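For reference, upload27.cif is printed below; it contains mmCIF, C-alpha atoms.
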```cif
data_final
loop_
_atom_site.label_atom_id
_atom_site.label_comp_id
_atom_site.auth_asym_id
_atom_site.auth_seq_id
_atom_site.Cartn_x
_atom_site.Cartn_y
_atom_site.Cartn_z
CA PHE B 1 -22.92 14.81 -39.56
CA ALA B 2 -19.41 14.02 -40.83
CA ILE B 3 -18.24 13.48 -37.26
CA LEU B 4 -21.13 11.08 -36.54
CA ALA B 5 -20.69 9.19 -39.79
CA GLY B 6 -16.99 8.88 -39.24
CA SER B 7 -17.43 7.59 -35.71
CA GLY B 8 -18.98 4.42 -37.16
CA ALA B 9 -15.61 3.36 -38.56
CA ALA B 10 -14.61 2.13 -35.11
CA PHE B 11 -17.50 -0.37 -35.25
CA ALA B 12 -17.05 -1.54 -38.85
CA ALA B 13 -14.66 -4.34 -37.99
CA ASP B 14 -17.30 -6.09 -35.89
CA VAL B 15 -20.38 -6.43 -38.12
CA ASP B 16 -23.19 -8.35 -36.44
CA SER B 17 -25.89 -10.31 -38.25
CA ASN B 18 -28.84 -9.89 -35.86
CA ASP B 19 -30.64 -7.03 -34.12
CA LEU B 20 -33.22 -7.22 -31.34
CA ARG B 21 -35.15 -3.98 -30.87
CA LEU B 22 -37.61 -2.57 -28.33
CA GLY B 23 -39.37 0.74 -28.48
CA LEU B 24 -42.53 2.82 -28.81
CA TYR B 25 -45.04 1.96 -31.54
CA SER B 26 -47.44 4.87 -32.27
CA VAL B 27 -50.21 3.94 -34.72
CA PHE B 28 -52.27 6.60 -36.52
CA TYR B 29 -55.44 5.40 -38.26
CA TYR B 30 -56.80 7.14 -41.35
CA THR B 31 -60.02 5.17 -41.39
CA SER B 32 -62.41 5.19 -44.31
CA ALA B 33 -65.45 2.95 -44.33
CA ASP B 34 -68.69 2.40 -46.18
CA ASP B 35 -71.74 3.58 -44.28
CA ILE B 36 -73.13 0.76 -42.15
CA THR B 37 -75.96 -1.06 -43.90
CA GLY B 38 -78.71 -3.31 -42.55
CA PRO B 39 -82.16 -3.20 -40.99
CA TYR B 40 -83.12 -0.04 -39.09
CA VAL B 41 -79.82 1.76 -39.89
CA PRO B 42 -80.33 5.43 -40.84
CA PRO B 43 -78.18 6.98 -43.60
CA GLY B 44 -74.69 8.21 -42.77
CA VAL B 45 -73.87 5.88 -39.86
CA ASN B 46 -70.13 5.19 -39.99
CA LEU B 47 -67.06 4.31 -37.90
CA LYS B 48 -63.50 5.47 -37.23
CA ALA B 49 -60.65 3.91 -35.22
CA GLU B 50 -58.83 5.79 -32.46
CA ASN B 51 -55.05 6.13 -32.59
CA VAL B 52 -53.13 3.87 -30.23
CA GLU B 53 -49.65 3.40 -28.74
CA THR B 54 -48.03 0.10 -27.81
CA LEU B 55 -44.70 -1.67 -27.39
CA TYR B 56 -42.64 -2.30 -30.52
CA ILE B 57 -40.69 -5.55 -30.71
CA GLY B 58 -38.45 -6.19 -33.70
CA TYR B 59 -36.00 -8.76 -35.02
CA VAL B 60 -33.71 -7.74 -37.87
CA ARG B 61 -31.47 -10.08 -39.85
CA ARG B 62 -28.58 -8.67 -41.89
CA LEU B 63 -28.58 -10.20 -45.39
CA SER B 64 -25.75 -8.19 -46.98
CA PRO B 65 -23.98 -4.86 -46.44
CA HIS B 66 -27.05 -3.02 -47.80
CA PHE B 67 -30.01 -5.39 -47.32
CA GLU B 68 -31.77 -6.66 -44.21
CA ALA B 69 -35.00 -8.43 -43.27
CA GLU B 70 -37.10 -7.00 -40.44
CA LEU B 71 -39.89 -8.74 -38.54
CA ALA B 72 -41.84 -5.95 -36.83
CA LEU B 73 -44.29 -6.76 -34.04
CA GLY B 74 -46.41 -4.73 -31.66
CA TRP B 75 -47.71 -5.86 -28.30
CA PRO B 76 -51.43 -6.38 -29.10
CA PRO B 77 -53.13 -3.12 -28.05
CA MET B 78 -56.77 -2.44 -27.28
CA THR B 79 -58.09 -0.39 -30.19
CA LYS B 80 -61.29 1.58 -29.77
CA THR B 81 -63.72 2.33 -32.59
CA GLU B 82 -65.91 5.44 -32.43
CA GLY B 83 -69.20 6.13 -34.10
CA SER B 84 -69.02 8.66 -36.92
CA GLY B 85 -71.93 10.44 -38.57
CA PRO B 86 -75.20 11.46 -36.90
CA ALA B 87 -75.12 12.79 -33.34
CA THR B 88 -77.62 10.12 -32.34
CA VAL B 89 -78.99 6.84 -33.70
CA GLY B 90 -82.59 7.00 -32.61
CA SER B 91 -82.24 8.54 -29.17
CA VAL B 92 -78.81 6.97 -28.48
CA PRO B 93 -75.68 9.22 -28.60
CA TYR B 94 -73.47 8.02 -31.45
CA ASN B 95 -70.99 10.44 -33.06
CA GLY B 96 -67.66 10.34 -31.19
CA VAL B 97 -68.86 7.61 -28.80
CA VAL B 98 -66.81 4.38 -28.46
CA VAL B 99 -69.07 1.67 -29.90
CA SER B 100 -66.67 -1.30 -30.16
CA THR B 101 -63.21 -2.50 -29.16
CA ALA B 102 -60.78 -5.08 -30.48
CA ARG B 103 -57.21 -6.22 -30.07
CA TRP B 104 -54.97 -6.97 -33.03
CA PHE B 105 -51.85 -9.01 -33.65
CA ALA B 106 -50.11 -7.60 -36.72
CA PRO B 107 -46.67 -8.93 -37.68
CA THR B 108 -45.04 -7.19 -40.65
CA LEU B 109 -42.16 -8.65 -42.65
CA LEU B 110 -40.06 -5.98 -44.36
CA PHE B 111 -37.05 -6.09 -46.66
CA ASN B 112 -35.00 -2.93 -46.17
CA TYR B 113 -32.29 -1.28 -48.23
CA LYS B 114 -29.76 0.72 -46.19
CA PHE B 115 -27.87 3.61 -47.73
CA PHE B 116 -24.18 4.40 -47.10
CA ASP B 117 -21.48 1.91 -46.19
CA GLU B 118 -21.40 -0.18 -43.02
CA ASP B 119 -18.72 2.05 -41.50
CA ALA B 120 -21.21 4.95 -41.31
CA ALA B 121 -22.82 5.49 -37.92
CA ILE B 122 -25.95 7.03 -39.48
CA ARG B 123 -27.70 5.06 -42.23
CA PRO B 124 -31.06 5.99 -43.80
CA TYR B 125 -33.12 3.12 -45.18
CA ILE B 126 -36.29 2.29 -47.09
CA GLY B 127 -38.25 -0.96 -47.14
CA VAL B 128 -41.27 -2.83 -48.50
CA GLY B 129 -43.03 -5.93 -47.28
CA VAL B 130 -46.26 -7.57 -46.25
CA ASN B 131 -48.48 -7.25 -43.18
CA TYR B 132 -50.84 -9.75 -41.59
CA THR B 133 -53.41 -8.38 -39.13
CA ASN B 134 -55.52 -10.68 -36.96
CA PHE B 135 -58.33 -9.10 -34.92
CA TYR B 136 -59.48 -10.77 -31.72
CA ASP B 137 -61.33 -9.92 -28.48
CA ARG B 138 -63.87 -8.10 -30.62
CA ASN B 139 -66.63 -6.58 -28.50
CA SER B 140 -69.51 -4.18 -28.83
CA THR B 141 -69.60 -1.68 -25.96
CA ALA B 142 -72.72 -0.81 -23.96
CA ALA B 143 -73.10 2.27 -26.17
CA GLY B 144 -72.68 0.13 -29.28
CA ASN B 145 -75.28 -2.36 -28.08
CA ALA B 146 -77.69 0.48 -27.39
CA ALA B 147 -77.21 1.92 -30.89
CA LEU B 148 -77.63 -1.53 -32.46
CA GLY B 149 -80.71 -2.36 -30.42
CA GLY B 150 -79.35 -5.12 -28.17
CA PRO B 151 -76.34 -7.30 -27.30
CA SER B 152 -74.27 -7.74 -30.45
CA LYS B 153 -71.51 -10.02 -31.65
CA ILE B 154 -68.77 -8.38 -33.72
CA THR B 155 -66.75 -10.22 -36.37
CA LEU B 156 -63.75 -8.73 -38.18
CA PRO B 157 -61.81 -11.09 -40.49
CA SER B 158 -58.03 -11.00 -40.77
CA SER B 159 -56.27 -8.85 -43.35
CA ILE B 160 -53.17 -9.30 -45.53
CA GLY B 161 -51.76 -6.26 -47.28
CA PRO B 162 -48.64 -4.43 -48.45
CA SER B 163 -46.48 -2.26 -46.21
CA ALA B 164 -43.73 0.29 -46.85
CA THR B 165 -41.35 2.08 -44.52
CA PHE B 166 -38.53 4.60 -44.38
CA GLY B 167 -36.25 5.31 -41.46
CA VAL B 168 -32.81 5.96 -40.10
CA SER B 169 -30.43 4.06 -37.83
CA TYR B 170 -27.69 5.49 -35.60
CA ARG B 171 -25.05 3.09 -34.32
CA PHE B 172 -23.69 4.78 -31.17
CA ALA B 173 -21.73 1.83 -29.73
CA PRO B 174 -20.31 -1.46 -31.11
CA HIS B 175 -23.49 -3.43 -30.31
CA TRP B 176 -26.07 -0.69 -29.71
CA GLY B 177 -28.16 1.50 -31.98
CA LEU B 178 -31.06 3.94 -32.06
CA PHE B 179 -33.71 3.61 -34.76
CA ALA B 180 -36.61 5.72 -36.04
CA SER B 181 -39.02 4.76 -38.82
CA TYR B 182 -42.38 5.69 -40.33
CA SER B 183 -44.49 3.11 -42.15
CA PHE B 184 -47.64 2.87 -44.26
CA THR B 185 -49.75 -0.29 -44.32
CA GLN B 186 -52.92 -1.43 -46.07
CA VAL B 187 -55.35 -3.12 -43.65
CA ASN B 188 -58.86 -3.86 -44.93
CA SER B 189 -61.66 -5.89 -43.36
CA LYS B 190 -65.43 -6.39 -43.31
CA LEU B 191 -67.10 -5.69 -39.98
CA THR B 192 -70.29 -7.60 -39.21
CA ALA B 193 -72.52 -6.91 -36.21
CA ASP B 194 -75.00 -9.65 -35.33
CA THR B 195 -77.73 -8.39 -32.99
CA GLU B 196 -79.79 -11.47 -32.18
CA GLY B 197 -79.96 -12.40 -35.85
CA VAL B 198 -80.20 -8.84 -37.23
CA ILE B 199 -77.09 -8.31 -39.39
CA ARG B 200 -75.36 -4.99 -40.13
CA THR B 201 -72.14 -4.72 -42.16
CA THR B 202 -69.51 -2.32 -43.43
CA HIS B 203 -66.18 -2.55 -45.24
CA ILE B 204 -63.36 -0.71 -43.44
CA LYS B 205 -59.99 0.54 -44.68
CA PHE B 206 -57.94 1.27 -41.55
CA ALA B 207 -54.94 2.72 -43.47
CA PRO B 208 -52.64 2.74 -40.42
CA GLN B 209 -49.44 4.76 -40.39
CA ALA B 210 -46.92 3.98 -37.66
CA LEU B 211 -44.06 5.86 -36.05
CA VAL B 212 -41.49 3.63 -34.30
CA ILE B 213 -38.72 4.87 -32.00
CA SER B 214 -36.56 2.03 -30.70
CA VAL B 215 -33.22 0.96 -29.28
CA GLY B 216 -31.53 -2.19 -30.53
CA TYR B 217 -28.82 -4.64 -29.51
CA SER B 218 -26.87 -6.41 -32.25
CA PHE B 219 -25.14 -9.77 -31.98
#
```
This structure in structure tokens:
Amino acid sequence: FAILAGSGAAFAADVDSNDLRLGLYSVFYYTSADDITGPYVPPGVNLKAENVETLYIGYVRRLSPHFEAELALGWPPMTKTEGSGPATVGSVPYNGVVVSTARWFAPTLLFNYKFFDEDAAIRPYIGVGVNYTNFYDRNSTAAGNAALGGPSKITLPSSIGPSATFGVSYRFAPHWGLFASYSFTQVNSKLTADTEGVIRTTHIKFAPQALVISVGYSF
């Protein structure tokens, strides 16, 4: 570790103000939701989101030797939602079956504090910020339509919530670095399914946690 930390001294004279980063964005959902309510819905019908991976895109602005602002983006992935609860709804398979899909655009603005001095190659950091999640291309699958009793329109309003992260950076060349972070974000929304005027609803807490591995270029 001392060798790696010391190697950063060669880069300290050329401190850059901006980082552009690309990498892998792995999102793990810890979904909790109220049971779906509405006409003809049996007790215990619920939902859970499948984990997803996508491209991470980040812009980081150095504010001082220890503080930086990070705008974290993910290429909007297709997220699948499975039925949770009874094995069937009526005669339709439900538990573990993909019943809806949606894409999301979820920029997160973080303010990070970096430990150690700028001449250290390895620098742990922690951060807090705010996330905005916009859901679009919301669709009920054929299985979801069957469980709901017909073609259904899905609405899922946007969410604003807090986010926190911790990570580590490794500067291995004057303008290049490797980065790893793990974040926790609060994303809540109300799902509404409209089946030809028959309305079913639930409140969902997605509680995503995200692992990001990226490489960055500073300038």
In Å, how far is it from atom CA of Thr79 of chain B to atom CA of Ser169 of chain B?
-> 29.0 Å
Of the listed residues B:Val45, B:Val97, B:Ile213, B:Leu63, that which approaches Tyr170 of chain B most closely, counting only C-alpha atoms |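 The closest residue to Tyr170 of chain B is B:Ile213.
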What do you get, as a ChimeraX atom specification, if you spell out every residue that the PyMOL selection byres ((chain B and resi 18) around 9) selects here?
-> /B:16-17,19-20,59-62,217-219
Just the residues within 7 Å of Leu71 of chain B, please, counting all atoms listed in the file, with nothing from its chain fewer than 2 positions along; format it as a PyMOL selection string.
-> chain B and resi 58-60+69+73+107-110
Using only C-alpha atoms, which of B:Ile126, B:Ala143, B:Gly216, B:Ala120 sits nearest Asn95 of chain B?
-> B:Ala143
Rank nothing, just name the residue among B:Gly23, B:Pro42, B:Gly74, B:Gly129 nearest to Pro86 of chain B, using all atoms listed in the file.
->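 Of B:Gly23, B:Pro42, B:Gly74, B:Gly129, the one nearest Pro86 of chain B is B:Pro42, counting all atoms listed in the file.
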Could the residues of segment 20-133 of chain B that have an atom at most 9 Å from segment 180-188 of chain B be listed as JSON lines, each with its closest atom pair and the distance in Å to one decimal, counting all atoms listed in the file and ordered by chain and ascending residue number?
```
{"residue": "B:Tyr125", "atom": "CA", "partner": "B:Ser181", "partner_atom": "CA", "distance": 8.8}
{"residue": "B:Gly127", "atom": "CA", "partner": "B:Ser183", "partner_atom": "CA", "distance": 9.0}
{"residue": "B:Val130", "atom": "CA", "partner": "B:Thr185", "partner_atom": "CA", "distance": 8.3}
{"residue": "B:Asn131", "atom": "CA", "partner": "B:Thr185", "partner_atom": "CA", "distance": 7.2}
{"residue": "B:Tyr132", "atom": "CA", "partner": "B:Val187", "partner_atom": "CA", "distance": 8.3}
{"residue": "B:Thr133", "atom": "CA", "partner": "B:Val187", "partner_atom": "CA", "distance": 7.2}
```
Residue nearest Arg21 of chain B among B:Ala210, B:Ala102, B:Ile57, B:Val41 (counting only C-alpha atoms) =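 Ranking B:Ala210, B:Ala102, B:Ile57, B:Val41 by distance to Arg21 of chain B, first place goes to B:Ile57.
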Excluding same-chain residues fewer than 2 positions from Ala87 of chain B, what lies within 12 Å of it counting all atoms listed in the file, as a ChimeraX atom specification?
-> /B:42,44-46,82-85,89-97,147
Could you jot down the atom CA of Ile199 of chain B to atom CA of Ser100 of chain B separation for me, Å, one decimal place?
-> 15.6 Å
Quick one, how far is atom CA of Ala72 of chain B from atom CA of Ile154 of chain B?
->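 Taking atom CA of Ala72 of chain B as the start and atom CA of Ile154 of chain B as the end point, the length is 27.2 Å.
What the PyMOL selection byres ((chain B and resi 26) around 6) matches in the given file is Tyr25, Val27, Glu53, Ala210 and Leu211 of chain B.
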Care to translate the PyMOL selection byres ((chain B and resi 38) around 12) into actual residues of this file, as a VMD selection string?
-> chain B and resid 35 to 37 39 to 43 45 148 192 to 195 197 to 202
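For the residues B:Val128, B:Ala173, B:Ala146, B:Leu191, ranking by smallest atom-to-atom distance to Ser159 of chain B using all atoms listed in the file places B:Leu191 first.
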